[in-house]
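Data file: protein_18.pdb. Format and content: PDB, C-alpha atoms and all ligand atoms.
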ATOM      1  CA  MET A   6      -4.844  11.719  23.001  1.00  0.00           C
ATOM      2  CA  LYS A   7      -1.764   9.904  21.697  1.00  0.00           C
ATOM      3  CA  LYS A   8      -1.120  10.504  17.997  1.00  0.00           C
ATOM      4  CA  GLY A   9      -1.502   7.411  15.824  1.00  0.00           C
ATOM      5  CA  LEU A  10       1.285   5.736  13.863  1.00  0.00           C
ATOM      6  CA  LEU A  11       1.868   6.096  10.158  1.00  0.00           C
ATOM      7  CA  VAL A  12       2.193   2.529   8.867  1.00  0.00           C
ATOM      8  CA  ILE A  13       3.395   1.940   5.304  1.00  0.00           C
ATOM      9  CA  LEU A  14       2.735  -1.439   3.717  1.00  0.00           C
ATOM     10  CA  SER A  15       4.581  -1.970   0.432  1.00  0.00           C
ATOM     11  CA  GLY A  16       5.516  -4.913  -1.722  1.00  0.00           C
ATOM     12  CA  PRO A  17       5.206  -5.955  -5.351  1.00  0.00           C
ATOM     13  CA  SER A  18       1.826  -6.062  -7.027  1.00  0.00           C
ATOM     14  CA  GLY A  19       0.224  -9.464  -6.386  1.00  0.00           C
ATOM     15  CA  VAL A  20       2.199 -10.225  -3.197  1.00  0.00           C
ATOM     16  CA  GLY A  21      -1.013  -9.994  -1.180  1.00  0.00           C
ATOM     17  CA  LYS A  22      -1.043  -6.481   0.318  1.00  0.00           C
ATOM     18  CA  GLY A  23      -4.791  -6.027  -0.155  1.00  0.00           C
ATOM     19  CA  THR A  24      -5.539  -9.482   1.234  1.00  0.00           C
ATOM     20  CA  VAL A  25      -3.302  -8.960   4.279  1.00  0.00           C
ATOM     21  CA  ARG A  26      -4.779  -5.486   4.830  1.00  0.00           C
ATOM     22  CA  GLN A  27      -8.298  -6.936   4.910  1.00  0.00           C
ATOM     23  CA  GLU A  28      -7.163  -9.382   7.608  1.00  0.00           C
ATOM     24  CA  LEU A  29      -5.602  -6.559   9.643  1.00  0.00           C
ATOM     25  CA  MET A  30      -8.691  -4.356   9.350  1.00  0.00           C
ATOM     26  CA  LYS A  31     -10.794  -7.105  10.993  1.00  0.00           C
ATOM     27  CA  ASP A  32      -8.832  -6.586  14.215  1.00  0.00           C
ATOM     28  CA  SER A  33     -10.421  -3.518  15.800  1.00  0.00           C
ATOM     29  CA  SER A  34      -7.892  -3.555  18.658  1.00  0.00           C
ATOM     30  CA  LEU A  35      -5.248  -2.310  16.173  1.00  0.00           C
ATOM     31  CA  HIS A  36      -7.154   1.005  15.752  1.00  0.00           C
ATOM     32  CA  LEU A  37      -6.301   1.022  12.054  1.00  0.00           C
ATOM     33  CA  TRP A  38      -7.641   3.470   9.538  1.00  0.00           C
ATOM     34  CA  TYR A  39      -6.954   2.632   5.920  1.00  0.00           C
ATOM     35  CA  SER A  40      -6.079   5.579   3.697  1.00  0.00           C
ATOM     36  CA  VAL A  41      -7.928   5.093   0.398  1.00  0.00           C
ATOM     37  CA  SER A  42      -5.704   6.267  -2.464  1.00  0.00           C
ATOM     38  CA  MET A  43      -6.636   8.105  -5.604  1.00  0.00           C
ATOM     39  CA  THR A  44      -5.910   6.448  -8.954  1.00  0.00           C
ATOM     40  CA  THR A  45      -6.473   6.984 -12.663  1.00  0.00           C
ATOM     41  CA  ARG A  46      -6.489   3.231 -13.408  1.00  0.00           C
ATOM     42  CA  ALA A  47      -9.708   1.451 -14.386  1.00  0.00           C
ATOM     43  CA  MET A  48     -11.826  -0.201 -11.733  1.00  0.00           C
ATOM     44  CA  ARG A  49     -11.441  -4.025 -11.563  1.00  0.00           C
ATOM     45  CA  PRO A  50     -14.467  -6.279 -11.227  1.00  0.00           C
ATOM     46  CA  GLY A  51     -15.599  -6.282  -7.618  1.00  0.00           C
ATOM     47  CA  GLU A  52     -13.966  -2.949  -6.781  1.00  0.00           C
ATOM     48  CA  GLU A  53     -15.999   0.019  -5.559  1.00  0.00           C
ATOM     49  CA  ASN A  54     -15.295   3.749  -5.837  1.00  0.00           C
ATOM     50  CA  GLY A  55     -14.217   5.048  -2.421  1.00  0.00           C
ATOM     51  CA  ARG A  56     -13.491   1.566  -1.024  1.00  0.00           C
ATOM     52  CA  GLU A  57     -10.408   0.224  -2.868  1.00  0.00           C
ATOM     53  CA  TYR A  58      -9.602   3.589  -4.475  1.00  0.00           C
ATOM     54  CA  TYR A  59     -11.078   6.907  -5.466  1.00  0.00           C
ATOM     55  CA  PHE A  60     -11.182   6.359  -9.218  1.00  0.00           C
ATOM     56  CA  VAL A  61     -10.565   9.698 -10.937  1.00  0.00           C
ATOM     57  CA  THR A  62      -9.764  11.053 -14.390  1.00  0.00           C
ATOM     58  CA  PRO A  63      -6.168  12.140 -15.199  1.00  0.00           C
ATOM     59  CA  GLU A  64      -7.431  15.768 -15.127  1.00  0.00           C
ATOM     60  CA  GLU A  65      -8.921  15.382 -11.639  1.00  0.00           C
ATOM     61  CA  PHE A  66      -5.703  13.744 -10.430  1.00  0.00           C
ATOM     62  CA  GLN A  67      -3.515  16.560 -11.791  1.00  0.00           C
ATOM     63  CA  LYS A  68      -5.790  19.182 -10.235  1.00  0.00           C
ATOM     64  CA  THR A  69      -5.494  17.606  -6.760  1.00  0.00           C
ATOM     65  CA  LEU A  70      -1.724  17.295  -7.194  1.00  0.00           C
ATOM     66  CA  LYS A  71      -1.342  20.949  -8.238  1.00  0.00           C
ATOM     67  CA  GLU A  72      -3.392  22.088  -5.254  1.00  0.00           C
ATOM     68  CA  GLY A  73      -0.965  20.271  -2.916  1.00  0.00           C
ATOM     69  CA  GLY A  74      -3.617  17.751  -1.884  1.00  0.00           C
ATOM     70  CA  LEU A  75      -1.409  14.645  -2.075  1.00  0.00           C
ATOM     71  CA  LEU A  76       1.035  13.407   0.585  1.00  0.00           C
ATOM     72  CA  GLU A  77       2.861  11.424  -2.122  1.00  0.00           C
ATOM     73  CA  HIS A  78       2.182  10.199  -5.621  1.00  0.00           C
ATOM     74  CA  ASN A  79       3.574   7.872  -8.250  1.00  0.00           C
ATOM     75  CA  HIS A  80       3.153   6.996 -11.897  1.00  0.00           C
ATOM     76  CA  TYR A  81       2.966   3.201 -12.110  1.00  0.00           C
ATOM     77  CA  VAL A  82       2.403   1.064 -15.233  1.00  0.00           C
ATOM     78  CA  ASP A  83       0.608   3.813 -17.225  1.00  0.00           C
ATOM     79  CA  HIS A  84      -1.425   5.214 -14.318  1.00  0.00           C
ATOM     80  CA  ASP A  85      -1.189   7.712 -11.461  1.00  0.00           C
ATOM     81  CA  TYR A  86      -1.663   6.817  -7.794  1.00  0.00           C
ATOM     82  CA  GLY A  87      -1.570   9.155  -4.795  1.00  0.00           C
ATOM     83  CA  THR A  88      -2.428   9.510  -1.098  1.00  0.00           C
ATOM     84  CA  PRO A  89      -4.911  12.280  -0.188  1.00  0.00           C
ATOM     85  CA  LYS A  90      -3.055  14.302   2.445  1.00  0.00           C
ATOM     86  CA  ALA A  91      -5.559  16.016   4.766  1.00  0.00           C
ATOM     87  CA  LYS A  92      -7.322  12.907   6.106  1.00  0.00           C
ATOM     88  CA  VAL A  93      -4.048  11.168   7.029  1.00  0.00           C
ATOM     89  CA  GLU A  94      -3.056  13.856   9.533  1.00  0.00           C
ATOM     90  CA  GLU A  95      -6.636  14.294  10.792  1.00  0.00           C
ATOM     91  CA  MET A  96      -7.010  10.579  11.568  1.00  0.00           C
ATOM     92  CA  ARG A  97      -3.579  10.325  13.219  1.00  0.00           C
ATOM     93  CA  GLN A  98      -4.494  13.287  15.454  1.00  0.00           C
ATOM     94  CA  LYS A  99      -7.634  11.377  16.427  1.00  0.00           C
ATOM     95  CA  GLY A 100      -5.408   8.489  17.563  1.00  0.00           C
ATOM     96  CA  TYR A 101      -5.848   6.110  14.636  1.00  0.00           C
ATOM     97  CA  ASN A 102      -2.908   4.156  13.258  1.00  0.00           C
ATOM     98  CA  VAL A 103      -3.089   5.157   9.602  1.00  0.00           C
ATOM     99  CA  LEU A 104      -2.260   2.451   7.073  1.00  0.00           C
ATOM    100  CA  LEU A 105      -0.868   3.438   3.671  1.00  0.00           C
ATOM    101  CA  GLU A 106      -0.642   0.726   1.028  1.00  0.00           C
ATOM    102  CA  ILE A 107       1.735   2.384  -1.411  1.00  0.00           C
ATOM    103  CA  ASP A 108       4.627   1.522  -3.725  1.00  0.00           C
ATOM    104  CA  VAL A 109       8.352   2.007  -3.020  1.00  0.00           C
ATOM    105  CA  ASN A 110       8.548   5.434  -4.708  1.00  0.00           C
ATOM    106  CA  GLY A 111       5.659   6.763  -2.676  1.00  0.00           C
ATOM    107  CA  ALA A 112       7.151   5.298   0.505  1.00  0.00           C
ATOM    108  CA  GLU A 113      10.467   7.015  -0.256  1.00  0.00           C
ATOM    109  CA  GLN A 114       8.654  10.378  -0.553  1.00  0.00           C
ATOM    110  CA  VAL A 115       6.817   9.892   2.767  1.00  0.00           C
ATOM    111  CA  MET A 116       9.995   8.802   4.588  1.00  0.00           C
ATOM    112  CA  ALA A 117      11.900  11.798   3.168  1.00  0.00           C
ATOM    113  CA  ALA A 118       9.119  14.212   4.181  1.00  0.00           C
ATOM    114  CA  LEU A 119       8.455  12.865   7.693  1.00  0.00           C
ATOM    115  CA  GLY A 120      11.765  11.176   8.549  1.00  0.00           C
ATOM    116  CA  LYS A 121      12.329   7.416   8.342  1.00  0.00           C
ATOM    117  CA  GLU A 122      12.259   7.106  12.127  1.00  0.00           C
ATOM    118  CA  ASN A 123       8.707   8.507  12.240  1.00  0.00           C
ATOM    119  CA  VAL A 124       7.245   5.867   9.944  1.00  0.00           C
ATOM    120  CA  CYS A 125       6.520   2.197  10.657  1.00  0.00           C
ATOM    121  CA  SER A 126       7.568   0.787   7.289  1.00  0.00           C
ATOM    122  CA  ILE A 127       6.776  -2.827   6.373  1.00  0.00           C
ATOM    123  CA  PHE A 128       7.797  -4.581   3.156  1.00  0.00           C
ATOM    124  CA  LEU A 129       5.807  -7.657   2.162  1.00  0.00           C
ATOM    125  CA  LEU A 130       7.731 -10.352   0.269  1.00  0.00           C
ATOM    126  CA  PRO A 131       6.447 -13.327  -1.727  1.00  0.00           C
ATOM    127  CA  PRO A 132       7.657 -16.817  -0.721  1.00  0.00           C
ATOM    128  CA  SER A 133       9.255 -17.008  -4.208  1.00  0.00           C
ATOM    129  CA  PHE A 134       9.190 -15.180  -7.525  1.00  0.00           C
ATOM    130  CA  GLU A 135       7.363 -18.146  -9.095  1.00  0.00           C
ATOM    131  CA  GLU A 136       4.633 -17.895  -6.461  1.00  0.00           C
ATOM    132  CA  LEU A 137       4.357 -14.128  -7.104  1.00  0.00           C
ATOM    133  CA  ALA A 138       3.855 -14.800 -10.833  1.00  0.00           C
ATOM    134  CA  ARG A 139       1.210 -17.417  -9.972  1.00  0.00           C
ATOM    135  CA  ARG A 140      -0.669 -14.951  -7.741  1.00  0.00           C
ATOM    136  CA  ILE A 141      -0.653 -12.188 -10.362  1.00  0.00           C
ATOM    137  CA  LYS A 142      -1.823 -14.577 -13.075  1.00  0.00           C
ATOM    138  CA  GLY A 143      -4.347 -16.217 -10.750  1.00  0.00           C
ATOM    139  CA  ARG A 144      -5.960 -12.860 -10.107  1.00  0.00           C
ATOM    140  CA  CYS A 145      -6.580 -12.744 -13.856  1.00  0.00           C
ATOM    141  CA  THR A 146      -7.397  -9.077 -13.941  1.00  0.00           C
ATOM    142  CA  GLU A 147      -4.639  -7.869 -16.253  1.00  0.00           C
ATOM    143  CA  CYS A 148      -3.705  -8.752 -19.800  1.00  0.00           C
ATOM    144  CA  ASP A 149      -0.414 -10.603 -20.539  1.00  0.00           C
ATOM    145  CA  LYS A 150       1.498  -7.395 -21.362  1.00  0.00           C
ATOM    146  CA  VAL A 151       0.521  -5.756 -18.076  1.00  0.00           C
ATOM    147  CA  ILE A 152       1.386  -8.926 -16.125  1.00  0.00           C
ATOM    148  CA  ALA A 153       4.881  -8.949 -17.693  1.00  0.00           C
ATOM    149  CA  GLU A 154       5.334  -5.264 -16.823  1.00  0.00           C
ATOM    150  CA  ARG A 155       4.201  -5.881 -13.246  1.00  0.00           C
ATOM    151  CA  LEU A 156       6.691  -8.756 -12.857  1.00  0.00           C
ATOM    152  CA  GLU A 157       9.531  -6.548 -14.127  1.00  0.00           C
ATOM    153  CA  GLN A 158       8.427  -3.795 -11.766  1.00  0.00           C
ATOM    154  CA  ALA A 159       8.318  -6.375  -8.927  1.00  0.00           C
ATOM    155  CA  LYS A 160      12.068  -7.070  -9.356  1.00  0.00           C
ATOM    156  CA  ARG A 161      12.799  -3.329  -9.070  1.00  0.00           C
ATOM    157  CA  GLU A 162      10.562  -2.995  -5.993  1.00  0.00           C
ATOM    158  CA  ILE A 163      12.076  -5.993  -4.188  1.00  0.00           C
ATOM    159  CA  ALA A 164      15.526  -4.446  -4.740  1.00  0.00           C
ATOM    160  CA  LYS A 165      14.401  -1.487  -2.577  1.00  0.00           C
ATOM    161  CA  GLN A 166      13.310  -3.526   0.438  1.00  0.00           C
ATOM    162  CA  SER A 167      16.291  -2.382   2.542  1.00  0.00           C
ATOM    163  CA  ASP A 168      14.654   1.073   2.892  1.00  0.00           C
ATOM    164  CA  TYR A 169      12.043  -0.561   5.156  1.00  0.00           C
ATOM    165  CA  ARG A 170      12.246  -1.293   8.891  1.00  0.00           C
ATOM    166  CA  TYR A 171      10.386  -4.635   8.718  1.00  0.00           C
ATOM    167  CA  HIS A 172      10.332  -7.435   6.138  1.00  0.00           C
ATOM    168  CA  VAL A 173       7.572 -10.021   6.277  1.00  0.00           C
ATOM    169  CA  VAL A 174       7.064 -12.991   3.929  1.00  0.00           C
ATOM    170  CA  ASN A 175       3.440 -13.569   2.920  1.00  0.00           C
ATOM    171  CA  ASN A 176       3.484 -17.344   2.795  1.00  0.00           C
ATOM    172  CA  ASP A 177       0.664 -18.357   5.125  1.00  0.00           C
ATOM    173  CA  LEU A 178      -1.874 -15.502   5.225  1.00  0.00           C
ATOM    174  CA  ASP A 179      -2.894 -15.968   8.843  1.00  0.00           C
ATOM    175  CA  SER A 180       0.628 -16.007  10.271  1.00  0.00           C
ATOM    176  CA  CYS A 181       1.673 -13.102   8.026  1.00  0.00           C
ATOM    177  CA  ALA A 182      -1.227 -10.965   9.310  1.00  0.00           C
ATOM    178  CA  LYS A 183      -0.416 -11.962  12.927  1.00  0.00           C
ATOM    179  CA  THR A 184       3.246 -10.968  12.480  1.00  0.00           C
ATOM    180  CA  ILE A 185       2.260  -7.555  11.107  1.00  0.00           C
ATOM    181  CA  ALA A 186      -0.313  -7.049  13.872  1.00  0.00           C
ATOM    182  CA  SER A 187       2.373  -7.689  16.483  1.00  0.00           C
ATOM    183  CA  ILE A 188       4.734  -5.223  14.751  1.00  0.00           C
ATOM    184  CA  ILE A 189       2.028  -2.519  14.868  1.00  0.00           C
ATOM    185  CA  ARG A 190       1.294  -3.227  18.556  1.00  0.00           C
ATOM    186  CA  LYS A 191       4.977  -3.077  19.461  1.00  0.00           C
ATOM    187  CA  GLU A 192       5.536   0.177  17.523  1.00  0.00           C
ATOM    188  CA  ALA A 193       2.418   1.788  19.001  1.00  0.00           C
ATOM    189  CA  ALA A 194       3.561   0.883  22.512  1.00  0.00           C
ATOM    190  CA  ASN A 195       7.078   2.305  21.925  1.00  0.00           C
ATOM    191  CA  ASP A 196       5.925   5.487  20.220  1.00  0.00           C
TER
HETATM  192  P1  LIG A 201      -1.714  -6.970  -3.975  1.00  0.00           P
HETATM  193  O1  LIG A 201      -2.711  -6.132  -3.216  1.00  0.00           O
HETATM  194  O2  LIG A 201      -0.369  -7.005  -3.330  1.00  0.00           O
HETATM  195  O3  LIG A 201      -1.642  -6.613  -5.437  1.00  0.00           O
HETATM  196  P2  LIG A 201      -3.682  -9.126  -3.627  1.00  0.00           P
HETATM  197  O4  LIG A 201      -4.056  -8.968  -2.185  1.00  0.00           O
HETATM  198  O5  LIG A 201      -4.643  -8.661  -4.667  1.00  0.00           O
HETATM  199  O6  LIG A 201      -2.216  -8.494  -3.909  1.00  0.00           O
HETATM  200  O7  LIG A 201      -3.362 -10.677  -3.829  1.00  0.00           O
HETATM  201  C1  LIG A 201      -2.997 -11.220  -5.085  1.00  0.00           C
HETATM  202  C2  LIG A 201      -3.502 -12.661  -5.178  1.00  0.00           C
HETATM  203  O8  LIG A 201      -2.763 -13.491  -4.268  1.00  0.00           O
HETATM  204  C3  LIG A 201      -4.985 -12.803  -4.809  1.00  0.00           C
HETATM  205  O9  LIG A 201      -5.577 -13.743  -5.670  1.00  0.00           O
HETATM  206  C4  LIG A 201      -4.932 -13.327  -3.376  1.00  0.00           C
HETATM  207  O10 LIG A 201      -6.059 -14.112  -3.061  1.00  0.00           O
HETATM  208  C5  LIG A 201      -3.658 -14.176  -3.389  1.00  0.00           C
HETATM  209  N1  LIG A 201      -3.008 -14.276  -2.075  1.00  0.00           N
HETATM  210  C6  LIG A 201      -2.787 -13.278  -1.185  1.00  0.00           C
HETATM  211  N2  LIG A 201      -2.143 -13.746  -0.082  1.00  0.00           N
HETATM  212  C7  LIG A 201      -1.959 -15.068  -0.284  1.00  0.00           C
HETATM  213  C8  LIG A 201      -1.338 -16.122   0.488  1.00  0.00           C
HETATM  214  N3  LIG A 201      -0.792 -15.916   1.681  1.00  0.00           N
HETATM  215  N4  LIG A 201      -1.323 -17.367  -0.050  1.00  0.00           N
HETATM  216  C9  LIG A 201      -1.858 -17.609  -1.271  1.00  0.00           C
HETATM  217  N5  LIG A 201      -2.459 -16.666  -2.054  1.00  0.00           N
HETATM  218  C10 LIG A 201      -2.496 -15.413  -1.568  1.00  0.00           C
HETATM  219  P1  LIG A 202      -2.910  -1.842  -8.154  1.00  0.00           P
HETATM  220  O1  LIG A 202      -3.143  -1.247  -9.519  1.00  0.00           O
HETATM  221  O2  LIG A 202      -2.455  -3.289  -8.219  1.00  0.00           O
HETATM  222  O3  LIG A 202      -4.067  -1.626  -7.212  1.00  0.00           O
HETATM  223  O4  LIG A 202      -1.694  -1.048  -7.503  1.00  0.00           O
HETATM  224  C1  LIG A 202      -0.493  -0.926  -8.193  1.00  0.00           C
HETATM  225  C2  LIG A 202       0.597  -0.402  -7.276  1.00  0.00           C
HETATM  226  O5  LIG A 202       0.299   0.932  -6.873  1.00  0.00           O
HETATM  227  C3  LIG A 202       0.763  -1.214  -5.987  1.00  0.00           C
HETATM  228  O6  LIG A 202       2.167  -1.418  -5.775  1.00  0.00           O
HETATM  229  C4  LIG A 202       0.173  -0.316  -4.944  1.00  0.00           C
HETATM  230  O7  LIG A 202       0.754  -0.511  -3.677  1.00  0.00           O
HETATM  231  C5  LIG A 202       0.531   1.044  -5.478  1.00  0.00           C
HETATM  232  N1  LIG A 202      -0.299   2.116  -4.930  1.00  0.00           N
HETATM  233  C6  LIG A 202      -1.605   2.084  -4.607  1.00  0.00           C
HETATM  234  N2  LIG A 202      -2.002   3.258  -4.110  1.00  0.00           N
HETATM  235  C7  LIG A 202      -0.912   4.054  -4.108  1.00  0.00           C
HETATM  236  C8  LIG A 202      -0.687   5.397  -3.682  1.00  0.00           C
HETATM  237  O8  LIG A 202      -1.550   6.114  -3.199  1.00  0.00           O
HETATM  238  N3  LIG A 202       0.572   5.862  -3.846  1.00  0.00           N
HETATM  239  C9  LIG A 202       1.570   5.137  -4.380  1.00  0.00           C
HETATM  240  N4  LIG A 202       2.771   5.691  -4.461  1.00  0.00           N
HETATM  241  N5  LIG A 202       1.396   3.864  -4.767  1.00  0.00           N
HETATM  242  C10 LIG A 202       0.166   3.336  -4.639  1.00  0.00           C
END

Once you've parsed the file, please lay out its structure as structure tokens.
Amino acid sequence: MKKGLLVILSGPSGVGKGTVRQELMKDSSLHLWYSVSMTTRAMRPGEENGREYYFVTPEEFQKTLKEGGLLEHNHYVDHDYGTPKAKVEEMRQKGYNVLLEIDVNGAEQVMAALGKENVCSIFLLPPSFEELARRIKGRCTECDKVIAERLEQAKREIAKQSDYRYHVVNNDLDSCAKTIASIIRKEAAND
């Protein structure tokens, strides 16, 4: 059995990573398995424990981290986020292309640990900064202070896009998802 790819999808909060991921997951021919992260942030309306994230207390997060159970982790706008390690390797061994939706710091850790050449890294860009602000505000899930922090963080994240192998603009959702699907197919065929 051929080992699956490790695909990293990053981009500023609100760019549409979750939306694009849902489109990609509909395509069973991509053999994708989405790695659900662990976070200490509060659940948003409509989210479910174990689907968007494993929602844990700061104590539970620190315990998992200390035990070496995270592939990477990051503190982002007052909260911790991390990728549970064991499942990622298990699913790749089973032939699944594992999708990590993580921030630039986490991606840096994974690329340093596994080697840049062994990771299919994709950075999602907004059509414009104004459109990014509109999407974050339109989602309406964070208060004004958090939105301002996320926009500042977005500038820092976009500055790190050169670490990634692919750069895709999320303007039209359908064509963005199709572009990413073709990147994954090409990488899987070359691997
Ligand atoms: P992220 O996971 O990157 O934080 P989301 O997937 O939650 O972003 O998307 C943020 C907002 O932008 C949502 O309201 C979503 O519906 C919207 N959105 C995502 N992609 C597009 C797109 N291509 N065009 C317009 N709106 C989009
Ligand atoms: P949100 O709170 O909007 O769901 O996510 C905030 C940021 O944390 C996003 O940039 C998202 O990609 C990132 N993130 C989510 N899960 C992880 C993770 O497991 N590790 C890291 N490093 N970042 C994550």

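The environment of stretch 151-163 of chain A within 7 Å, counting only C-alpha atoms and disregarding residues fewer than 4 places along the same chain, consists of Gly16, Pro17, Ser18, Val109, Ala138, Ile141 and Glu147 of chain A.
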
Could the residues that lie within 6 Å of ligand LIG 201 (chain A), counting all atoms listed in the file, be listed as a PyMOL selection string?
chain A and resi 18-24+140-141+143-144+175-178

I'd like the residues picked by the PyMOL selection byres (((not hetatm)) within 6 of (chain A and resi 202)) written out as a PyMOL selection string, using the chain letters and numbers from the file.
chain A and resi 15+17-18+42-43+78-79+86-88+106-108+110-111

When you draw a straight line from atom CA of A:Thr184 to atom CA of A:Pro132, how long is it in Å?
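Taking atom CA of A:Thr184 as the start and atom CA of A:Pro132 as the end point, the length is 15.1 Å.
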
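Nearest to A:Phe66 of all the residues A:Pro50, A:Thr44, A:Ile188, A:Arg170 is A:Thr44, counting all atoms listed in the file.
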
Students should find that atom CA of A:Ser33 and atom CA of A:Leu11 are spaced 16.6 Å

Between atom CA of A:Leu105 and atom CA of A:Lys92, what is the distance, to one decimal in Å?
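Separation of atom CA of A:Leu105 and atom CA of A:Lys92: 11.7 Å.
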
Explicit residues for the PyMOL selection byres (((chain A and resi 38) around 10) and not hetatm) (as an NGL selection string)
:A and (9 or 11-12 or 30 or 33 or 35-37 or 39-41 or 93 or 96-97 or 100-105)

Using all atoms listed in the file, list the residues that have an atom at most 6 Å from (2.3, 10.2, 19.7), coordinates as in the file, as number ranges by chain.
A: 7-8, 196

Can you work out which one of A:Thr69, A:Val173, A:Asp168, A:Asp179 has the shortest atom-to-atom distance to A:Gln114, counting all atoms listed in the file?
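Closest to A:Gln114, using all atoms listed in the file: A:Asp168.
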
A:Glu113: which residues within 10 Å, counting only C-alpha atoms, same-chain residues fewer than 6 positions away excluded, as a count of residues only?
7

With distances taken over all atoms listed in the file, which residue among A:Gly55, A:Leu10, A:Glu95, A:Ser34 lies nearest A:Glu192?
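Of A:Gly55, A:Leu10, A:Glu95, A:Ser34, the one nearest A:Glu192 is A:Leu10, counting all atoms listed in the file.
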
Within 8 Å of A:Ala182, counting only C-alpha atoms, which residues qualify if same-chain residues fewer than 3 places away don't, as a ChimeraX atom specification?
/A:25-26,28-29,178-179,185-186

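Among the candidates A:Met48, A:Ile13, A:Ile189, A:Leu76, the residue lying nearest to A:Ala112 is A:Ile13 (atoms considered: all atoms listed in the file).
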
Padded axis-aligned box of stretch 89-108 of chain A (6 Å per side), centre and edge lengths, Å, one decimal, as JSON:
{"center_x": -1.5, "center_y": 8.4, "center_z": 6.9, "size_x": 24.3, "size_y": 27.3, "size_z": 33.3}

Of the listed residues A:Lys191, A:Lys31, A:Lys90, A:Lys150, that which approaches A:Glu72 most closely, counting only C-alpha atoms:
A:Lys90

Best match for closeness to A:Val124 among A:Ala47, A:Arg56, A:Tyr171, A:Lys99, counting only C-alpha atoms
A:Tyr171
